[in-house]
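A short write-up of the structure that comes next.
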Amino acid sequence: PLSTVGAVVGGQGTLSSDLVTSDTSISLGGRYSAVYPFWDGTSRMLVSWTPCRVVVEETILPCTAENSTMANVVEAQPLYGIYVYDQVNNTQLPVVVPEEGMMISDVVAAQPRTLPTVIYDKIPGIELNGSYADEAVGVLHIRSVYDMDGAFDPRGAAAGSVSVMADPAQTTAAQRPARFLRIEKSVSLPDRNTRNFSNSAFGLSNQQLMREIIGYIPIEPDGSVKAKVPANIPIGLAVVDASGQRIGGCGHNGSALPQHHSSVGGADG
């Protein structure tokens with residue numbers, strides 16, 4: 001956190017030498033909206049920062065220890081600009097001078113740099129399949145799509161447990177609702193000036209935006225799924241029935257690392 005209160009707490013260290021708060025109180029050290037390091041071996045970083053200002057008798061003034069504690073004092077509207085903050089030298093130099101009525105909320109410094117080494121939780125080639133890295137795939141392992149945070153969800157079937165669902169003598173294939181796991185990939189969309197899509201192109205819901213179907217994986221009778229999936233791309237999961245209609249899945253995207261084995265208990269409904 002960009003605050004001097006508490007020094008190091010819970011593994012986090014303070015960056016700012018000024019008193020910066022993130023609650024509703026007046027922050028004498030101003031407020032930070034975004035921070036991005038330069039990754040150049042220095043302590044410099046790009047920040048979006050607003051100084052502390054208060055309204056006193058309809059006049060905007062810089063915060064002081066005196067006027068910030070006056071009765072009925074209110075904090076003025078923020079005045080965010082872009083600065084280069086040096087933690088070691090405790091300097092902050094303006095890059096984009098702030099303007100009234102304009103807020104620059106996000107900052108990023110684009111520059112080439114070497115990606116850090118991936119530290120796997122298992123040893124490649126021994127505990128991890130080395131060929132998966134060459135294929136650029138990971139392994140998705142779902143214990144059961146009928147397991148919803150430890151509770152059994154038959155997804156409309158009459159079965160009362162996973163064991164009953166998995167037993168062909170008690171639940172036939174036609175009676176099992178979850179038949180395939182559909183792997184989907186989010187598709188980047190151009191702006192409307194490049195291609196203006198009709199809303200009908202998004203199907204029944206435009207909240208999912210455009211999706212590319214990567215493939216289908218059969219779901220075992222007990223609801224388990226284990227398969228290779230493409231690595232380093234955002235993928236979504238959809239549980240579908242025998243007709244290919246979605247009956248559940250994950251409402252967010254995830255991704256797999258090459259060789260990585262992702263094991264989960266179930267899929268969100």
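For the structure tokens, the naming scheme is as follows: chains receive sequential letters (A, B, ...) according to their order of presentation, residues are indexed from 1 within each chain, and ligands are indexed from 1 in presentation order.
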Which polymer residues have any atom within 10 Å of an atom of A:Ile60, counting only C-alpha atoms, with same-chain residues fewer than 3 positions away left out, as a PyMOL selection string?
chain A and resi 53-57+63+74-77
Now that the selection is made, can you save its residues with N, CA and C atoms as a PDB file, in the first residue's frame?
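Output file part.pdb follows:
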ATOM      1  N   ARG A  53      -6.808  18.142  -1.292  1.00  0.00           N
ATOM      2  CA  ARG A  53      -7.372  19.492  -1.342  1.00  0.00           C
ATOM      3  C   ARG A  53      -8.686  19.504  -0.566  1.00  0.00           C
ATOM      4  N   VAL A  54      -8.956  20.625   0.089  1.00  0.00           N
ATOM      5  CA  VAL A  54     -10.205  20.771   0.836  1.00  0.00           C
ATOM      6  C   VAL A  54     -10.915  22.042   0.391  1.00  0.00           C
ATOM      7  N   VAL A  55     -12.220  22.068   0.620  1.00  0.00           N
ATOM      8  CA  VAL A  55     -13.030  23.241   0.301  1.00  0.00           C
ATOM      9  C   VAL A  55     -13.287  24.004   1.590  1.00  0.00           C
ATOM     10  N   VAL A  56     -12.777  25.228   1.649  1.00  0.00           N
ATOM     11  CA  VAL A  56     -12.969  26.093   2.814  1.00  0.00           C
ATOM     12  C   VAL A  56     -13.634  27.380   2.339  1.00  0.00           C
ATOM     13  N   GLU A  57     -14.873  27.585   2.772  1.00  0.00           N
ATOM     14  CA  GLU A  57     -15.646  28.775   2.383  1.00  0.00           C
ATOM     15  C   GLU A  57     -15.655  28.944   0.865  1.00  0.00           C
ATOM     16  N   CYS A  63      -4.408  20.814   1.451  1.00  0.00           N
ATOM     17  CA  CYS A  63      -4.660  20.315   2.799  1.00  0.00           C
ATOM     18  C   CYS A  63      -3.511  20.680   3.733  1.00  0.00           C
ATOM     19  N   VAL A  74     -14.833  19.633   3.853  1.00  0.00           N
ATOM     20  CA  VAL A  74     -15.031  18.531   2.911  1.00  0.00           C
ATOM     21  C   VAL A  74     -13.845  18.469   1.965  1.00  0.00           C
ATOM     22  N   GLU A  75     -13.554  17.274   1.508  1.00  0.00           N
ATOM     23  CA  GLU A  75     -12.458  17.091   0.566  1.00  0.00           C
ATOM     24  C   GLU A  75     -12.904  17.527  -0.825  1.00  0.00           C
ATOM     25  N   ALA A  76     -12.053  18.262  -1.520  1.00  0.00           N
ATOM     26  CA  ALA A  76     -12.382  18.742  -2.862  1.00  0.00           C
ATOM     27  C   ALA A  76     -12.305  17.596  -3.865  1.00  0.00           C
ATOM     28  N   GLN A  77     -12.836  17.848  -5.058  1.00  0.00           N
ATOM     29  CA  GLN A  77     -12.753  16.861  -6.120  1.00  0.00           C
ATOM     30  C   GLN A  77     -11.284  16.555  -6.424  1.00  0.00           C
TER      31      GLN A  77
END
Name all residues at most 7 Å from stretch 128-137 of chain A (count only C-alpha atoms; drop same-chain ones fewer than 2 positions away) and give them as a list in words.
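Everything that qualifies: Lys122, Ile123, Pro124, Gly125, Ile126, Val139, Lys228, Val229, Pro230, Ala231, Pro258 and Gln259 of chain A.
Compared by their closest atoms to A:Cys52, and using only C-alpha atoms, the residues A:Ile26, A:Val35, A:Ala71, A:Ile104 rank with A:Ile26 nearest.
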Using Å and a single decimal, report how far atom CA of A:Glu184 sits from atom CA of A:Ala157.
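Going from atom CA of A:Ala157 over to atom CA of A:Glu184, I get 25.2 Å.
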Residues within 8 Å of A:Phe152, please, as JSON, numbers by chain. Count only C-alpha atoms; anything in the same chain fewer than 3 positions from it doesn't count.
{"A": [146, 147, 148, 160, 161, 162]}
Generate a file of the selected residues that holds N, CA and C atoms, formatted as a PDB file, in the first residue's frame.
ATOM      1  N   TYR A 146     -20.959 -32.418 -11.126  1.00  0.00           N
ATOM      2  CA  TYR A 146     -22.116 -32.445 -10.232  1.00  0.00           C
ATOM      3  C   TYR A 146     -21.745 -32.001  -8.815  1.00  0.00           C
ATOM      4  N   ASP A 147     -20.478 -31.695  -8.592  1.00  0.00           N
ATOM      5  CA  ASP A 147     -19.989 -31.262  -7.284  1.00  0.00           C
ATOM      6  C   ASP A 147     -19.969 -29.741  -7.261  1.00  0.00           C
ATOM      7  N   MET A 148     -20.903 -29.140  -6.532  1.00  0.00           N
ATOM      8  CA  MET A 148     -20.983 -27.687  -6.419  1.00  0.00           C
ATOM      9  C   MET A 148     -20.526 -27.273  -5.029  1.00  0.00           C
ATOM     10  N   GLY A 160     -29.681 -39.153  -6.626  1.00  0.00           N
ATOM     11  CA  GLY A 160     -29.493 -38.452  -5.366  1.00  0.00           C
ATOM     12  C   GLY A 160     -28.055 -38.316  -4.938  1.00  0.00           C
ATOM     13  N   SER A 161     -27.125 -38.883  -5.699  1.00  0.00           N
ATOM     14  CA  SER A 161     -25.713 -38.801  -5.343  1.00  0.00           C
ATOM     15  C   SER A 161     -24.873 -39.077  -6.580  1.00  0.00           C
ATOM     16  N   VAL A 162     -23.574 -38.805  -6.473  1.00  0.00           N
ATOM     17  CA  VAL A 162     -22.670 -39.068  -7.582  1.00  0.00           C
ATOM     18  C   VAL A 162     -22.595 -40.562  -7.872  1.00  0.00           C
TER      19      VAL A 162
END
Find the residues near A:Arg182: any atom within 7 Å, counting only C-alpha atoms, skip ones fewer than 2 places away on the same chain, and give them as a ChimeraX atom specification.
/A:180,184,215-217,237-240
Mind checking which residues fall within 12 Å of A:Val164, counting only C-alpha atoms, ignoring those fewer than 3 positions away in the same chain, and posting them as a list of chain:residue names?
A:Tyr146, A:Phe152, A:Pro154, A:Ala157, A:Ala158, A:Ala159, A:Gly160, A:Ser161, A:Asp167, A:Pro168, A:Ala169, A:Gln170, A:Thr171, A:Thr172, A:Gln175, A:Arg176, A:Pro221, A:Asp222, A:Gly223
For C-alpha atoms, I'd like the residues from the last selection saved as a PDB file, in the first residue's frame.
ATOM      1  CA  TYR A 146     -22.116 -32.445 -10.232  1.00  0.00           C
ATOM      2  CA  PHE A 152     -24.237 -32.677  -5.015  1.00  0.00           C
ATOM      3  CA  PRO A 154     -27.982 -33.472 -10.106  1.00  0.00           C
ATOM      4  CA  ALA A 157     -31.709 -35.570 -12.875  1.00  0.00           C
ATOM      5  CA  ALA A 158     -33.446 -37.887 -10.399  1.00  0.00           C
ATOM      6  CA  ALA A 159     -30.175 -39.272  -8.991  1.00  0.00           C
ATOM      7  CA  GLY A 160     -29.493 -38.452  -5.366  1.00  0.00           C
ATOM      8  CA  SER A 161     -25.713 -38.801  -5.343  1.00  0.00           C
ATOM      9  CA  ASP A 167     -24.130 -46.459 -11.785  1.00  0.00           C
ATOM     10  CA  PRO A 168     -25.561 -47.445 -15.225  1.00  0.00           C
ATOM     11  CA  ALA A 169     -27.957 -49.848 -13.510  1.00  0.00           C
ATOM     12  CA  GLN A 170     -29.568 -46.911 -11.699  1.00  0.00           C
ATOM     13  CA  THR A 171     -28.988 -44.026 -14.131  1.00  0.00           C
ATOM     14  CA  THR A 172     -28.818 -44.646 -17.863  1.00  0.00           C
ATOM     15  CA  GLN A 175     -30.900 -39.884 -17.930  1.00  0.00           C
ATOM     16  CA  ARG A 176     -27.586 -38.154 -17.257  1.00  0.00           C
ATOM     17  CA  PRO A 221     -20.872 -40.977 -15.775  1.00  0.00           C
ATOM     18  CA  ASP A 222     -19.612 -39.708 -12.395  1.00  0.00           C
ATOM     19  CA  GLY A 223     -19.241 -36.206 -13.839  1.00  0.00           C
TER      20      GLY A 223
END
Identify which of the residues A:Val107, A:Leu140, A:Val73, A:Val97 lies closest to A:Tyr32, counting only C-alpha atoms when measuring atom-to-atom distances.
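Smallest distance to A:Tyr32 is found for A:Val107.
Of the residues under consideration (A:Ser224, A:Ser105, A:Ser68, A:Ser188), A:Ser105 shows the shortest atom-to-atom contact distance to A:Ser33 when counting only C-alpha atoms.
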May I ask which of the residues A:Thr114, A:Thr50, A:Thr64, A:Gln245 is the closest one to A:Leu79, counting only C-alpha atoms?
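Smallest separation from A:Leu79 among the options: A:Thr50.
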Report, in Å with one decimal, the straight-line distance from atom CA of A:Val88 to atom CA of A:Arg44.
8.2 Å
For A:Glu99: contacts at 8 Å, only C-alpha atoms, fewer than 2 positions along chain excluded, given as a list in words
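That gives Leu79, Tyr80, Gly81, Val97, Gly101, Met102 and Met103 of chain A.
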I'd like to know which residues of stretch 24-254 of chain A are alpha helix (DSSP H) (by DSSP, run on the backbone); could you write them as a PDB file with C-alpha atoms, in the first residue's frame?
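Output file out_38.pdb is given in full below:
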ATOM      1  CA  GLY A 130       7.558 -32.721 -20.979  1.00  0.00           C
ATOM      2  CA  SER A 131       5.772 -33.277 -24.295  1.00  0.00           C
ATOM      3  CA  TYR A 132       2.905 -31.064 -23.133  1.00  0.00           C
ATOM      4  CA  ALA A 133       5.220 -28.050 -23.243  1.00  0.00           C
ATOM      5  CA  ASP A 134       6.035 -28.793 -26.886  1.00  0.00           C
ATOM      6  CA  GLU A 135       2.313 -29.097 -27.609  1.00  0.00           C
ATOM      7  CA  VAL A 162     -22.670 -39.068  -7.582  1.00  0.00           C
ATOM      8  CA  SER A 163     -22.513 -42.838  -7.014  1.00  0.00           C
ATOM      9  CA  VAL A 164     -26.119 -43.244  -8.182  1.00  0.00           C
ATOM     10  CA  MET A 165     -25.439 -41.010 -11.198  1.00  0.00           C
ATOM     11  CA  ALA A 166     -22.370 -43.085 -12.109  1.00  0.00           C
TER      12      ALA A 166
END
Can you tell me how far atom CA of A:Ala256 sits from atom CA of A:Met210, in Å to one decimal?
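Atom-to-atom, atom CA of A:Ala256 to atom CA of A:Met210, that is 20.5 Å.
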